[in-house]
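> Got a file for you: query27.cif, mmCIF, C-alpha atoms and all ligand atoms.
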```
data_final
#
loop_
_atom_site.label_atom_id
_atom_site.label_comp_id
_atom_site.auth_asym_id
_atom_site.auth_seq_id
_atom_site.Cartn_x
_atom_site.Cartn_y
_atom_site.Cartn_z
CA MET P 1 1.86 -5.75 -40.00
CA ASN P 2 0.61 -2.41 -41.30
CA SER P 3 3.49 0.00 -40.61
CA ASN P 4 1.03 2.82 -39.92
CA VAL P 5 -0.35 0.97 -36.95
CA GLU P 6 1.33 1.81 -33.66
CA ASN P 7 2.33 -0.92 -31.23
CA VAL P 8 1.12 1.09 -28.30
CA VAL P 9 -0.60 4.42 -27.89
CA ILE P 10 -0.70 5.96 -24.43
CA ILE P 11 -3.45 8.48 -23.78
CA GLY P 12 -2.63 10.83 -20.93
CA SER P 13 0.52 12.38 -19.54
CA GLY P 14 0.55 12.13 -15.78
CA PRO P 15 2.85 9.77 -13.89
CA ALA P 16 0.96 6.71 -15.18
CA GLY P 17 1.33 7.80 -18.81
CA TRP P 18 5.04 8.61 -18.57
CA ALA P 19 5.88 5.47 -16.60
CA ALA P 20 4.09 3.44 -19.28
CA ALA P 21 6.01 5.36 -21.96
CA ILE P 22 9.40 4.82 -20.30
CA TYR P 23 8.82 1.09 -20.00
CA THR P 24 7.38 0.56 -23.48
CA ALA P 25 10.08 2.75 -25.04
CA ARG P 26 12.82 0.79 -23.30
CA ALA P 27 11.15 -2.38 -24.61
CA ASN P 28 11.59 -0.99 -28.15
CA LEU P 29 7.85 -0.65 -28.72
CA LYS P 30 8.22 2.96 -29.93
CA PRO P 31 5.26 4.28 -27.94
CA LEU P 32 3.22 7.28 -29.00
CA VAL P 33 1.89 9.42 -26.17
CA ILE P 34 -1.12 11.63 -26.85
CA GLU P 35 -0.49 14.02 -24.00
CA GLY P 36 -3.39 16.48 -24.26
CA ASP P 37 -3.77 19.94 -25.71
CA PRO P 38 -1.81 22.53 -23.71
CA THR P 39 -3.59 25.43 -25.44
CA SER P 40 -7.13 24.34 -24.62
CA GLU P 41 -8.99 26.79 -22.37
CA LYS P 42 -11.34 23.98 -21.33
CA ASN P 43 -8.37 21.92 -20.15
CA ARG P 44 -7.10 24.87 -18.13
CA GLN P 45 -10.45 25.49 -16.53
CA GLN P 46 -11.25 21.94 -15.57
CA GLY P 47 -7.71 20.97 -14.57
CA THR P 48 -7.03 18.50 -17.37
CA ILE P 49 -3.93 20.12 -18.84
CA PRO P 50 -1.04 17.94 -20.04
CA LEU P 51 1.13 16.49 -17.24
CA GLY P 52 -1.93 15.84 -15.12
CA GLN P 53 -2.88 16.86 -11.61
CA LEU P 54 0.75 17.13 -10.53
CA ALA P 55 1.11 20.01 -12.95
CA LEU P 56 -1.33 21.85 -10.71
CA THR P 57 0.38 21.34 -7.42
CA THR P 58 3.41 22.79 -5.71
CA GLU P 59 6.07 20.86 -3.76
CA VAL P 60 6.02 17.08 -3.99
CA GLU P 61 7.53 15.72 -0.80
CA ASN P 62 6.30 12.13 -0.93
CA TYR P 63 7.63 10.87 -4.26
CA PRO P 64 10.47 8.52 -3.30
CA GLY P 65 13.84 9.78 -4.43
CA TRP P 66 12.83 13.43 -4.34
CA PRO P 67 13.27 14.70 -0.79
CA SER P 68 12.08 18.13 0.14
CA GLY P 69 14.55 20.80 1.12
CA HIS P 70 18.03 21.31 -0.22
CA THR P 71 19.00 18.56 -2.62
CA ARG P 72 22.69 19.04 -1.89
CA GLU P 73 22.16 18.78 1.87
CA PHE P 74 20.03 15.69 1.42
CA LEU P 75 22.66 13.94 -0.64
CA LYS P 76 25.30 14.83 1.91
CA SER P 77 23.21 13.28 4.66
CA ALA P 78 22.07 10.25 2.63
CA LEU P 79 25.40 9.31 1.04
CA GLY P 80 28.86 9.02 2.47
CA GLU P 81 31.43 11.69 1.54
CA ASP P 82 33.04 9.40 -1.05
CA GLN P 83 29.74 8.50 -2.76
CA GLN P 84 28.53 11.99 -3.54
CA PRO P 85 27.76 12.97 -7.13
CA TYR P 86 30.29 15.26 -8.73
CA TRP P 87 28.05 18.29 -8.60
CA VAL P 88 27.79 18.15 -4.82
CA THR P 89 31.53 18.17 -4.38
CA ALA P 90 32.09 20.55 -7.33
CA ASN P 91 30.11 23.19 -5.44
CA LYS P 92 27.69 23.86 -8.28
CA PRO P 93 24.60 25.88 -7.38
CA GLN P 94 21.58 23.70 -6.65
CA PRO P 95 17.91 24.58 -6.33
CA ASN P 96 16.92 25.26 -2.76
CA HIS P 97 13.79 23.14 -2.90
CA GLY P 98 13.14 19.45 -3.48
CA ILE P 99 10.98 19.11 -6.55
CA ASN P 100 7.67 20.62 -7.46
CA GLY P 101 4.87 18.92 -9.36
CA PRO P 102 5.39 20.50 -12.78
CA GLU P 103 9.17 19.90 -12.60
CA LEU P 104 8.69 16.26 -11.67
CA MET P 105 6.34 15.80 -14.61
CA GLU P 106 8.67 17.57 -17.06
CA LEU P 107 11.47 15.25 -15.94
CA MET P 108 9.28 12.16 -16.46
CA ARG P 109 8.30 13.47 -19.89
CA GLN P 110 11.94 14.07 -20.83
CA GLN P 111 12.93 10.65 -19.50
CA ALA P 112 10.33 9.07 -21.80
CA LYS P 113 11.50 11.18 -24.74
CA ASN P 114 15.11 10.17 -24.15
CA PHE P 115 14.14 6.59 -24.88
CA GLY P 116 12.44 7.55 -28.13
CA THR P 117 8.84 8.19 -27.07
CA ARG P 118 6.98 10.30 -29.59
CA ILE P 119 4.51 12.86 -28.28
CA VAL P 120 1.40 14.41 -29.80
CA SER P 121 0.15 17.50 -27.94
CA LYS P 122 -3.55 17.03 -28.68
CA ASP P 123 -6.66 15.82 -26.92
CA VAL P 124 -8.24 12.54 -27.91
CA ALA P 125 -11.79 13.42 -28.86
CA LYS P 126 -13.04 9.92 -29.59
CA VAL P 127 -11.96 6.33 -29.85
CA ASP P 128 -13.16 3.26 -31.68
CA LEU P 129 -12.37 0.24 -29.55
CA SER P 130 -14.83 -2.05 -31.33
CA LYS P 131 -12.27 -3.57 -33.68
CA GLN P 132 -8.54 -4.01 -33.99
CA PRO P 133 -6.47 -2.06 -34.73
CA PHE P 134 -8.05 0.47 -32.37
CA THR P 135 -8.58 4.00 -33.66
CA MET P 136 -8.09 7.28 -31.82
CA THR P 137 -9.24 10.58 -33.27
CA THR P 138 -7.75 13.79 -31.91
CA HIS P 139 -9.67 17.03 -31.41
CA ASP P 140 -8.46 18.33 -34.78
CA GLY P 141 -9.37 15.16 -36.66
CA GLN P 142 -6.03 13.34 -36.81
CA GLN P 143 -6.48 9.57 -36.71
CA VAL P 144 -4.07 7.18 -35.05
CA GLN P 145 -4.33 3.40 -35.06
CA ALA P 146 -2.80 1.05 -32.52
CA GLN P 147 -2.59 -2.61 -31.55
CA THR P 148 -2.73 -1.72 -27.87
CA VAL P 149 -3.83 1.37 -25.96
CA ILE P 150 -3.00 2.41 -22.44
CA ILE P 151 -5.64 4.72 -20.98
CA ALA P 152 -3.96 7.01 -18.46
CA THR P 153 -6.13 10.11 -18.54
CA GLY P 154 -6.42 10.48 -14.77
CA ALA P 155 -9.13 12.19 -12.82
CA ARG P 156 -9.84 15.75 -11.93
CA ALA P 157 -10.70 17.06 -8.49
CA ASN P 158 -14.12 18.55 -8.19
CA TYR P 159 -14.26 22.21 -7.26
CA LEU P 160 -17.28 24.30 -6.36
CA GLY P 161 -16.78 26.62 -9.33
CA LEU P 162 -16.50 29.91 -7.43
CA THR P 163 -14.46 32.61 -9.17
CA SER P 164 -12.67 33.45 -5.91
CA GLU P 165 -11.82 29.77 -5.49
CA ASP P 166 -10.22 29.71 -8.94
CA ASN P 167 -8.27 32.91 -8.19
CA PHE P 168 -6.54 31.35 -5.18
CA LYS P 169 -5.75 27.87 -6.50
CA ASN P 170 -2.20 26.99 -5.39
CA ARG P 171 -2.23 30.02 -3.07
CA GLY P 172 -4.25 28.49 -0.28
CA VAL P 173 -6.98 26.69 -2.23
CA SER P 174 -6.19 23.05 -2.84
CA ALA P 175 -7.93 19.75 -3.42
CA CYS P 176 -5.12 17.58 -2.08
CA ALA P 177 -4.17 17.67 1.59
CA VAL P 178 -1.54 14.97 1.16
CA CYS P 179 0.11 17.06 -1.56
CA ASP P 180 -0.09 20.49 0.05
CA GLY P 181 -1.02 20.17 3.73
CA ALA P 182 2.51 20.35 5.11
CA LEU P 183 3.36 23.61 3.33
CA PRO P 184 4.53 26.40 5.63
CA ARG P 185 1.52 28.58 4.78
CA PHE P 186 -0.79 26.20 6.64
CA ARG P 187 1.38 25.61 9.73
CA ASN P 188 -0.38 26.45 12.98
CA LYS P 189 -3.13 28.30 11.14
CA ALA P 190 -6.83 27.53 10.86
CA ILE P 191 -8.01 25.70 7.74
CA VAL P 192 -11.35 24.95 6.10
CA VAL P 193 -12.16 21.58 4.55
CA VAL P 194 -15.30 21.29 2.41
CA GLY P 195 -17.09 17.93 2.10
CA GLY P 196 -18.67 15.21 4.17
CA GLY P 197 -17.29 11.98 2.69
CA ASP P 198 -14.36 9.78 3.65
CA SER P 199 -11.97 12.04 1.73
CA ALA P 200 -13.08 15.13 3.62
CA VAL P 201 -12.69 13.44 7.00
CA GLU P 202 -9.38 11.95 5.99
CA GLU P 203 -8.12 15.31 4.72
CA ALA P 204 -9.37 17.11 7.82
CA SER P 205 -7.70 14.58 10.13
CA TYR P 206 -4.47 14.75 8.16
CA LEU P 207 -4.47 18.54 8.23
CA THR P 208 -4.77 18.64 12.02
CA LYS P 209 -1.14 17.51 12.12
CA PHE P 210 -0.05 20.86 10.76
CA SER P 211 -2.82 23.36 11.37
CA SER P 212 -4.08 24.92 14.59
CA ASN P 213 -7.65 23.78 13.88
CA VAL P 214 -9.85 22.62 11.01
CA TYR P 215 -13.39 23.71 10.21
CA LEU P 216 -15.15 20.91 8.36
CA LEU P 217 -17.97 22.37 6.25
CA VAL P 218 -20.77 19.85 5.73
CA ARG P 219 -23.71 20.91 3.61
CA LYS P 220 -26.16 18.49 5.28
CA ASP P 221 -26.75 17.57 8.91
CA LYS P 222 -24.83 14.32 8.55
CA LEU P 223 -21.61 12.98 7.15
CA ARG P 224 -21.55 10.60 4.24
CA ALA P 225 -18.26 9.17 5.51
CA SER P 226 -18.08 5.65 6.92
CA LYS P 227 -18.94 5.23 10.62
CA ILE P 228 -15.36 4.83 11.72
CA MET P 229 -14.29 7.94 9.84
CA GLN P 230 -17.24 9.90 11.27
CA GLN P 231 -16.14 8.90 14.76
CA ARG P 232 -12.63 10.04 13.98
CA ALA P 233 -13.86 13.48 12.96
CA ILE P 234 -16.17 13.89 15.92
CA GLU P 235 -13.56 12.80 18.45
CA ASN P 236 -10.74 14.95 17.09
CA PRO P 237 -10.58 18.08 19.28
CA LYS P 238 -8.94 20.03 16.45
CA ILE P 239 -11.86 19.45 14.05
CA GLU P 240 -14.96 21.60 14.34
CA LEU P 241 -17.91 20.36 12.29
CA LEU P 242 -20.06 23.11 10.84
CA TRP P 243 -23.34 21.49 9.76
CA HIS P 244 -25.57 22.87 7.02
CA THR P 245 -22.67 25.07 6.04
CA GLU P 246 -21.45 25.97 2.57
CA LEU P 247 -18.54 27.96 1.25
CA GLU P 248 -19.74 31.22 -0.25
CA GLU P 249 -16.48 32.93 -1.09
CA VAL P 250 -12.73 32.67 -0.68
CA VAL P 251 -11.15 35.80 0.78
CA GLY P 252 -7.51 36.73 0.23
CA THR P 253 -4.94 39.11 -1.14
CA ASP P 254 -2.33 38.94 -3.89
CA GLU P 255 0.52 39.03 -1.34
CA SER P 256 -0.81 36.57 1.24
CA GLY P 257 -3.06 34.26 -0.75
CA VAL P 258 -6.03 32.96 1.22
CA THR P 259 -6.82 34.82 4.45
CA GLY P 260 -10.43 33.80 5.05
CA ALA P 261 -13.60 32.03 4.01
CA ILE P 262 -17.11 33.42 3.93
CA VAL P 263 -19.42 30.58 4.86
CA LYS P 264 -23.18 30.44 5.05
CA ASN P 265 -25.60 28.29 7.01
CA ASN P 266 -28.00 27.01 4.36
CA LYS P 267 -30.81 26.62 6.94
CA THR P 268 -30.67 29.96 8.68
CA GLY P 269 -29.00 31.97 5.93
CA ALA P 270 -26.52 33.34 8.47
CA ALA P 271 -23.11 34.13 6.99
CA GLN P 272 -19.79 34.58 8.76
CA GLU P 273 -16.15 35.01 7.82
CA LEU P 274 -13.69 32.47 9.18
CA ALA P 275 -10.04 33.56 9.38
CA VAL P 276 -8.19 30.71 7.66
CA SER P 277 -5.01 30.31 5.64
CA GLY P 278 -6.28 27.46 3.51
CA ILE P 279 -9.35 25.92 1.93
CA PHE P 280 -9.30 22.27 0.93
CA LEU P 281 -12.01 20.89 -1.33
CA ALA P 282 -12.85 17.24 -0.78
CA ILE P 283 -16.07 16.95 -2.72
CA GLY P 284 -15.03 14.05 -4.90
CA HIS P 285 -13.13 13.46 -8.13
CA THR P 286 -14.30 12.90 -11.68
CA PRO P 287 -12.37 10.43 -13.84
CA ASN P 288 -11.56 11.65 -17.35
CA THR P 289 -13.47 9.06 -19.33
CA ASN P 290 -15.89 11.06 -21.51
CA PHE P 291 -13.93 10.35 -24.70
CA LEU P 292 -14.44 6.61 -24.14
CA ASP P 293 -18.14 7.06 -24.82
CA GLY P 294 -19.19 3.92 -22.99
CA GLN P 295 -16.85 1.58 -24.87
CA LEU P 296 -15.04 0.37 -21.75
CA LYS P 297 -16.68 -1.05 -18.67
CA LEU P 298 -16.65 1.47 -15.84
CA ASN P 299 -17.20 0.72 -12.16
CA GLU P 300 -20.16 2.09 -10.21
CA LYS P 301 -18.21 5.31 -9.52
CA GLY P 302 -17.43 5.89 -13.20
CA TYR P 303 -13.78 4.79 -13.11
CA VAL P 304 -12.39 2.36 -15.69
CA GLN P 305 -12.82 -1.14 -14.34
CA TRP P 306 -9.77 -3.34 -14.03
CA THR P 307 -11.24 -6.72 -14.90
CA THR P 308 -8.54 -9.02 -13.53
CA LEU P 309 -6.98 -8.92 -10.08
CA ALA P 310 -3.48 -7.41 -10.08
CA ARG P 311 -3.56 -6.75 -13.83
CA THR P 312 -4.34 -3.57 -15.76
CA TYR P 313 -6.68 -5.37 -18.17
CA THR P 314 -9.97 -3.70 -19.06
CA SER P 315 -13.16 -5.05 -20.58
CA VAL P 316 -11.62 -4.81 -24.07
CA GLU P 317 -8.67 -7.08 -24.80
CA GLY P 318 -5.65 -5.01 -25.80
CA ILE P 319 -6.80 -1.94 -23.90
CA PHE P 320 -5.12 -1.33 -20.56
CA ALA P 321 -5.76 1.30 -17.92
CA ALA P 322 -3.34 2.90 -15.48
CA GLY P 323 -3.36 5.57 -12.83
CA ASP P 324 -6.22 7.57 -11.39
CA VAL P 325 -8.60 6.93 -14.29
CA ALA P 326 -8.90 3.40 -12.89
CA ASP P 327 -8.14 4.10 -9.23
CA ASP P 328 -10.52 5.98 -6.96
CA TYR P 329 -8.84 4.73 -3.83
CA TYR P 330 -5.08 5.40 -3.60
CA ARG P 331 -4.78 8.34 -6.02
CA GLN P 332 -1.08 8.99 -5.45
CA ALA P 333 1.65 9.84 -7.97
CA ILE P 334 3.66 6.82 -6.96
CA THR P 335 0.73 4.41 -7.32
CA ALA P 336 -0.13 5.91 -10.72
CA ALA P 337 3.46 5.46 -11.88
CA GLY P 338 3.36 1.90 -10.56
CA THR P 339 0.25 0.95 -12.50
CA GLY P 340 1.68 2.73 -15.57
CA CYS P 341 4.62 0.35 -15.41
CA MET P 342 2.24 -2.59 -15.00
CA ALA P 343 0.19 -1.50 -18.03
CA ALA P 344 3.37 -1.26 -20.12
CA LEU P 345 4.37 -4.80 -19.20
CA ASP P 346 0.83 -6.04 -19.80
CA ALA P 347 0.77 -4.38 -23.24
CA GLU P 348 4.17 -5.80 -24.15
CA ARG P 349 3.08 -9.33 -23.20
CA TYR P 350 -0.17 -8.91 -25.13
CA LEU P 351 1.74 -7.80 -28.26
CA ALA P 352 4.16 -10.71 -27.96
CA HIS P 353 1.36 -13.21 -27.32
CA HIS P 354 -0.51 -12.05 -30.45
CA GLY P 355 2.61 -12.10 -32.60
CA HIS P 356 2.72 -8.33 -33.17
CA ILE P 357 6.32 -8.05 -31.96
P1 LIG P 401 -17.84 11.07 -1.82
O1 LIG P 401 -18.56 11.14 -3.10
O2 LIG P 401 -18.01 9.90 -0.94
O3 LIG P 401 -18.24 12.34 -0.93
C1 LIG P 401 -18.27 13.60 -1.45
C2 LIG P 401 -18.72 14.54 -0.34
O4 LIG P 401 -18.64 15.87 -0.85
C3 LIG P 401 -20.12 14.28 0.16
O5 LIG P 401 -20.18 14.47 1.54
C4 LIG P 401 -20.91 15.38 -0.56
O6 LIG P 401 -21.99 15.86 0.19
C5 LIG P 401 -19.90 16.49 -0.63
N1 LIG P 401 -20.16 17.37 -1.72
C6 LIG P 401 -20.28 17.04 -3.03
N2 LIG P 401 -20.53 18.15 -3.75
C7 LIG P 401 -20.56 19.17 -2.86
C8 LIG P 401 -20.78 20.56 -3.00
N3 LIG P 401 -21.02 21.11 -4.19
N4 LIG P 401 -20.77 21.32 -1.87
C9 LIG P 401 -20.52 20.77 -0.68
N5 LIG P 401 -20.31 19.46 -0.48
C10 LIG P 401 -20.33 18.67 -1.58
O7 LIG P 401 -16.32 11.34 -2.21
P2 LIG P 401 -14.98 11.01 -1.42
O8 LIG P 401 -13.88 11.60 -2.26
O9 LIG P 401 -15.08 11.41 -0.02
O10 LIG P 401 -14.87 9.43 -1.48
C11 LIG P 401 -14.80 8.76 -2.72
C12 LIG P 401 -14.69 7.27 -2.47
O11 LIG P 401 -13.40 6.96 -1.94
C13 LIG P 401 -15.71 6.79 -1.46
O12 LIG P 401 -16.16 5.53 -1.85
C14 LIG P 401 -14.92 6.68 -0.18
O13 LIG P 401 -15.44 5.71 0.70
C15 LIG P 401 -13.53 6.30 -0.69
N6 LIG P 401 -12.50 6.77 0.23
C16 LIG P 401 -12.15 5.94 1.25
C17 LIG P 401 -11.25 6.34 2.19
C18 LIG P 401 -10.90 5.45 3.31
O14 LIG P 401 -11.51 4.44 3.43
N7 LIG P 401 -9.93 5.78 4.12
C19 LIG P 401 -10.60 7.67 2.11
C20 LIG P 401 -11.07 8.46 1.01
C21 LIG P 401 -11.99 8.02 0.12
P3 LIG P 401 -23.36 15.05 0.36
O15 LIG P 401 -23.05 13.94 1.33
O16 LIG P 401 -24.25 16.10 0.92
O17 LIG P 401 -23.75 14.57 -0.99
#
```
Step by step, read the file and then write its structure as structure tokens.


Amino acid sequence: MNSNVENVVIIGSGPAGWAAAIYTARANLKPLVIEGDPTSEKNRQQGTIPLGQLALTTEVENYPGWPSGHTREFLKSALGEDQQPYWVTANKPQPNHGINGPELMELMRQQAKNFGTRIVSKDVAKVDLSKQPFTMTTHDGQQVQAQTVIIATGARANYLGLTSEDNFKNRGVSACAVCDGALPRFRNKAIVVVGGGDSAVEEASYLTKFSSNVYLLVRKDKLRASKIMQQRAIENPKIELLWHTELEEVVGTDESGVTGAIVKNNKTGAAQELAVSGIFLAIGHTPNTNFLDGQLKLNEKGYVQWTTLARTYTSVEGIFAAGDVADDYYRQAITAAGTGCMAALDAERYLAHHGHI
């Protein structure tokens, strides 16, 4: 085998990418992760920085093993006195929060590195998947060849593109109710959700658990969401549907974050300010597949198509996909990590089957 050809290259550095790296590294495949360019202004603007969407969120309360609140107190309650790790009993200072998104991702990255994963901090600009070994070219022209590739480039939430929206990201503006909805800043306060699809209704319904009420801004006079979800929105007394309504501007201050939303009726032109502590965008996601340039089969929504049930196979043998780039349905950190593990095992079996290892 050509020693310059990698066993496995993983493109992307969210939970799917690192899970794939941890598994392939532990299998002695010496994975190379191309994690993205941390200095790219385009990556910053469109939310495609290394470490993925979790790098853009705050507390993560739903990743198993990482409870919210005081880690020390959790361990005391979860384990018996005699089972506690030394640092609980040794009275060492502990962080007073569970884990936040960037921390969780740094830990996954380090865990992969500890097993020998090599990391290139560049974007993949193009790929050639037409022949083996596959070739990846980074944004500065470096070429990497591999027997197998795991695509784990994720998806990015769509935003409206307002400057005020950008200014208050993570301070009241979010695109993930499951990630951020339970934060204290939203408790018993009014919230705006923008969108009319299943995600918007689901996010609005979820947010009613915490907020006093939710304004659902729908730009048309009907919801795109499925009938059952529409019914759920209409019947929920805490959701107020504002038809023909669009978000004009996010209002807030440096100290408090979001304090309001200026919204406009696109039929009458009438504008009003709603006093809200949060604005959730649910206007769809875009999978990060541009660099593939049509070389892998995508589904009708533009996500990489898994071609075999319960496998991470794609339309090209030897190329596997994991995480949100191939999943427009669950979109959770834990599911991404799960499919990252699956892709690693699939790649390992492929390499063994073809006599590469
Ligand atoms: P969709 O593409 O279905 O809906 C996007 C919504 O955002 C539409 O109502 C659209 O409005 C609105 N929108 C888009 N751009 C703008 C904008 N610039 N300003 C205001 N509104 C805008 O995306 P979803 O994320 O809701 O759903 C994606 C897929 O996932 C769907 O297939 C859905 O069925 C599925 N899903 C299923 C769930 C479930 O079954 N529980 C939960 C969540 C998602 P318009 O209608 O006017 O175009």

> Which residues of segment 120-159 of chain P have any atom within 9 Å of an atom in segment 17-27 of chain P when counting all atoms listed in the file, and what is the closest pair of atoms for each, with the distance in Å to one decimal? Order the rows by chain and rising number and write it as CSV.


```
residue,atom,partner,partner_atom,distance
P:Ile150,CA,P:Gly17,CA,7.8
P:Ile151,CA,P:Gly17,CA,7.9
P:Ala152,CA,P:Gly17,CA,5.4
P:Thr153,CA,P:Gly17,CA,7.8
```

> For atom CA of Lys209 of chain P and atom CA of Arg187 of chain P, determine how far apart the two atoms are, in Å to one decimal place.

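Between atom CA of Lys209 of chain P and atom CA of Arg187 of chain P the gap works out to 8.8 Å.
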
> Which residues, written as a PyMOL selection string, have at least one atom at most 12 Å from Val325 of chain P, with all atoms listed in the file counted and residues fewer than 2 positions away on the same chain left out?

chain P and resi 11-17+52-53+150-157+285-290+292+296+298-299+301-306+312+314+320-323+327-332+335-336+339-340

> Return as number ranges by chain every polymer residue, whether protein, DNA or RNA, with at least one atom no more than 7 Å from an atom of ligand LIG 401 (chain P); count all atoms listed in the file.

P: 160, 194-200, 202, 218-220, 223-226, 246, 282-285, 328-329

> Which polymer residues, protein or nucleic acid, are no farther than 9 Å from (-0.9, 18.5, -0.2), counting all atoms listed in the file, as a PyMOL selection string?

chain P and resi 57-61+174-183

> Nearest to Glu255 of chain P: which of P:Arg171, P:Leu107, P:Glu81, P:Ile119 is it, counting only C-alpha atoms?

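Checking each of P:Arg171, P:Leu107, P:Glu81, P:Ile119 against Glu255 of chain P, counting only C-alpha atoms, the winner is P:Arg171.
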
> So, counting only C-alpha atoms, which residue among P:Asp82, P:Glu273, P:Glu103, P:Asp346 is closest to Tyr313 of chain P?

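The answer is P:Asp346, which sits nearest to Tyr313 of chain P.
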
> Between atom CA of Lys264 of chain P and atom CA of Lys227 of chain P, measure the distance and give it in Å to one decimal.

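So the answer is 26.2 Å.
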
> Choose the residue, out of P:Ser212, P:Asn236, P:Thr148, P:Asn266, that has the smallest atom-to-atom separation from Leu345 of chain P; count only C-alpha atoms.

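Answer, going by the shortest atom-to-atom distance: P:Thr148.
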